[in-house]
Every structure is written in C-alpha cells, then in structure tokens.
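Take a look at the structure set out below.
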Amino acid sequence: MSSAPFTRHLLLVEDDDLLAEQTARALSRHDALVHVAHDREQALQLLAQLTAQNVALHGAILDQNLGSDNGLDLIEPIRQQFPLCRVILLTGYGSIAAAVAATHRGAHNYLTKPAGANDILQALDADPASQALPLPDSPPSLQRLEWEHIQRTLDAHGGNISRAADALGIHRRTLQRRLKKRPSASDYSRDSQRDNPQDTQSTHRPGSTPEKPTPQG
C-alpha cells in the first residue's frame, strides 16, 4: 500500500483577498495545507490555534505590507512558537534594507511579488547559505508587473481566458485587450539592466518579445 502524500502546513498572511485565495489554491496543489490570514491579528489567532492543536507549522509566507501592519512584526512570534518554521517575506518591490531586516529578524528567505507557488516552495526549501543575491533597488515597471500577474493567473487557470478574467475581476474582453499589450523587449531589457547593472552590455535583439504560452479561450 502506497503511503499518503506528505502534507506540509503553511501559514499565508496576505491582505489582498484575491491574491491570498489564488496563492493558497496554487500551494495546495503541491500537497500543502494552507492556513490563510489577512492581517496581524488573524495571523496571531491562527498561530494560537495551531499551537493548541499541536500542529507543526513548516513554513510561513508573509506579505510585508499588511495595511497598517508590517509582516516583519510576525516573524518573531512565529519563530517563538514554531522554532523550525521557515519564514518567507514577500514584498511588492525589493529593497536591500527590507531583506536585511527580514534576515535579522529570523526570516529564511525573501521574494519580490508577484511570486508563484513554485517560487515560494523553492524559497522555503533553499539553503540559506546559498542565498547571496540582493533584492533589486528599484521596482520593475507597472506594465511588466501587470503582465506577469496576468500570466500567473492564466497559468493558474490552465490558460482559460474566461476563468482568468473572473479571477482578476475584469471582463473577458478587457483581459484580451491587455494580453495584446505585452511589455516590449525594451521594457524587459530596462528592468533587467536596472536589477543587474553589470549586464548592460549583454546582447538583446531589438524588437523581440519574451515567449509566453498562448492562452486558450
């Protein structure tokens, strides 16, 4: 008889209801049981419940900006109640200061948003000693952020435009129009050079665009 798949318990603290739902659903496909909170108070209540139930918390994914709360302030109580829990900090745009603060408070890793389930799980499982890359000093363009969020939502819904549009809270035709406005090669090149100044001399074909899976209607 085959054993049941291993299930890790994860705490997700994200104040965006839609993003929290999408991320939790994606993580659950990887045999994770996700406990969702939308602010600091809810997170502390969940921690108390999990402790009372003798549940081992394997990982915590914390949004840095939680309205008037800061995800950094949850790292200490999580580590106090679950010393072996690995904490990941999510930030809308990177800053070395945020990464240093998270690490000093006991975070295992950090990611810039949007981050998919695979990104989060890889960050949880990564060896901290191998994490030497700093966060970018400046945010990527709004167009690129929107495009990548749309692509992740499409991927989460199997490329189905209608379901992805529902999840994004927009009309199907609106999503189709936005899909036609993919970031140009210069947008990606500019963001890449800003994040990696040493790569400014790297070759890039003008007019080329990153290949993306063709969505299915």
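The way I read the labels, and the way they are meant: chains A, B, ... in the order of the structure tokens, residue 1 as the first residue of every chain, and ligand 1 as the first ligand shown, with later ones counted on from there.
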
Open item on the list: Neighbouring residues of His9 of chain A were defined as those with any atom within 12 Å, considering only C-alpha atoms; residues of the same chain fewer than 3 positions away were excluded. Please report them as a PyMOL selection string.
Closed with: chain A and resi 6+12+24+27-28+30-36+46-47+50+54-61+82+85-86

Alpha helix (DSSP H) residues, from DSSP on the backbone, in segment 29-147 of chain A, as a short mmCIF file (atom, residue, chain, number, x, y, z; two decimals) with C-alpha atoms, in the first residue's frame:
```cif
data_model
loop_
_atom_site.label_atom_id
_atom_site.label_comp_id
_atom_site.auth_asym_id
_atom_site.auth_seq_id
_atom_site.Cartn_x
_atom_site.Cartn_y
_atom_site.Cartn_z
CA ARG A 40 -1.56 40.53 12.02
CA GLU A 41 -4.44 39.84 14.43
CA GLN A 42 -5.80 36.96 12.35
CA ALA A 43 -2.30 35.54 11.98
CA LEU A 44 -1.70 35.55 15.74
CA GLN A 45 -5.08 33.85 16.29
CA LEU A 46 -4.15 31.15 13.79
CA LEU A 47 -0.80 30.63 15.47
CA ALA A 48 -2.53 30.12 18.82
CA GLN A 49 -4.98 27.63 17.27
CA LEU A 50 -2.22 25.65 15.56
CA THR A 51 -0.22 25.54 18.79
CA ALA A 52 -3.25 24.31 20.75
CA ILE A 75 8.49 36.82 12.26
CA GLU A 76 9.37 36.83 15.97
CA PRO A 77 6.07 35.37 17.30
CA ILE A 78 6.14 32.70 14.59
CA ARG A 79 9.70 31.67 15.42
CA GLN A 80 8.91 31.69 19.15
CA GLN A 81 6.01 29.25 18.77
CA ILE A 96 18.12 45.58 0.39
CA ALA A 97 17.02 47.20 3.66
CA ALA A 98 13.88 45.02 3.79
CA ALA A 99 15.88 41.89 3.04
CA VAL A 100 18.43 42.68 5.75
CA ALA A 101 15.69 43.46 8.29
CA ALA A 102 13.86 40.23 7.47
CA THR A 103 17.04 38.17 7.79
CA HIS A 104 17.99 39.79 11.09
CA ALA A 117 3.75 28.63 -5.85
CA ASN A 118 6.95 27.21 -7.33
CA ASP A 119 8.89 30.35 -6.37
CA ILE A 120 7.61 30.16 -2.80
CA LEU A 121 8.29 26.44 -2.37
CA GLN A 122 11.79 26.77 -3.83
CA ALA A 123 12.50 29.65 -1.46
CA LEU A 124 11.25 27.59 1.50
CA ASP A 125 13.43 24.63 0.55
CA LEU A 142 4.00 48.73 -13.70
CA GLN A 143 3.35 47.29 -17.17
CA ARG A 144 5.67 44.39 -16.50
CA LEU A 145 4.17 43.72 -13.05
CA GLU A 146 0.66 43.70 -14.51
CA TRP A 147 1.71 41.43 -17.37
#
```

Open item on the list: Quick check, in Å to one decimal: how far apart do atom CA of Leu62 of chain A and atom CA of Val87 of chain A lie?
Closed with: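 That distance, rounded to one decimal, is 7.4 Å.
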
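Using only C-alpha atoms, the smallest distance between any of A:Pro83, A:Ile88, A:Gly169, A:Arg177 and Asp17 of chain A comes from A:Gly169.
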
Open item on the list: I need the residues in segment 20-175 of chain A that are strand (DSSP E or B) according to DSSP; give them as a list of chain:residue names.
Closed with: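 Checking each residue of segment 20-175 of chain A, the strand (DSSP E or B) ones are A:Ala32, A:Leu33, A:Val34, A:His35, A:Val36, A:Ala37, A:Leu57, A:His58, A:Gly59, A:Ala60, A:Ile61, A:Leu62, A:Asp63, A:Asn65, A:Leu66, A:Asp69, A:Asn70, A:Arg86, A:Val87, A:Ile88, A:Leu89, A:Leu90, A:Thr91, A:Asn109, A:Tyr110, A:Leu111, A:Thr112, A:Asn160.
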
Task: Distance of atom CA of Ala115 of chain A from atom CA of Thr23 of chain A, expressed in Å to one decimal place - done: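 Spanning atom CA of Thr23 of chain A to atom CA of Ala115 of chain A is a straight-line distance of 8.6 Å.
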
TODO: Record the distance separating atom CA of Gly159 of chain A and atom CA of Asp16 of chain A, expressed in Å with one decimal.
DONE: 22.5 Å

Task: Close residues, Ala167 of chain A itself excluded, 10 Å, only C-alpha atoms, min 6 positions apart in chain, as a list in words - done: Leu18, Leu19, Glu21, Gln22, Ile150, Thr153, Leu154, Ala156, His157 and Ile161 of chain A
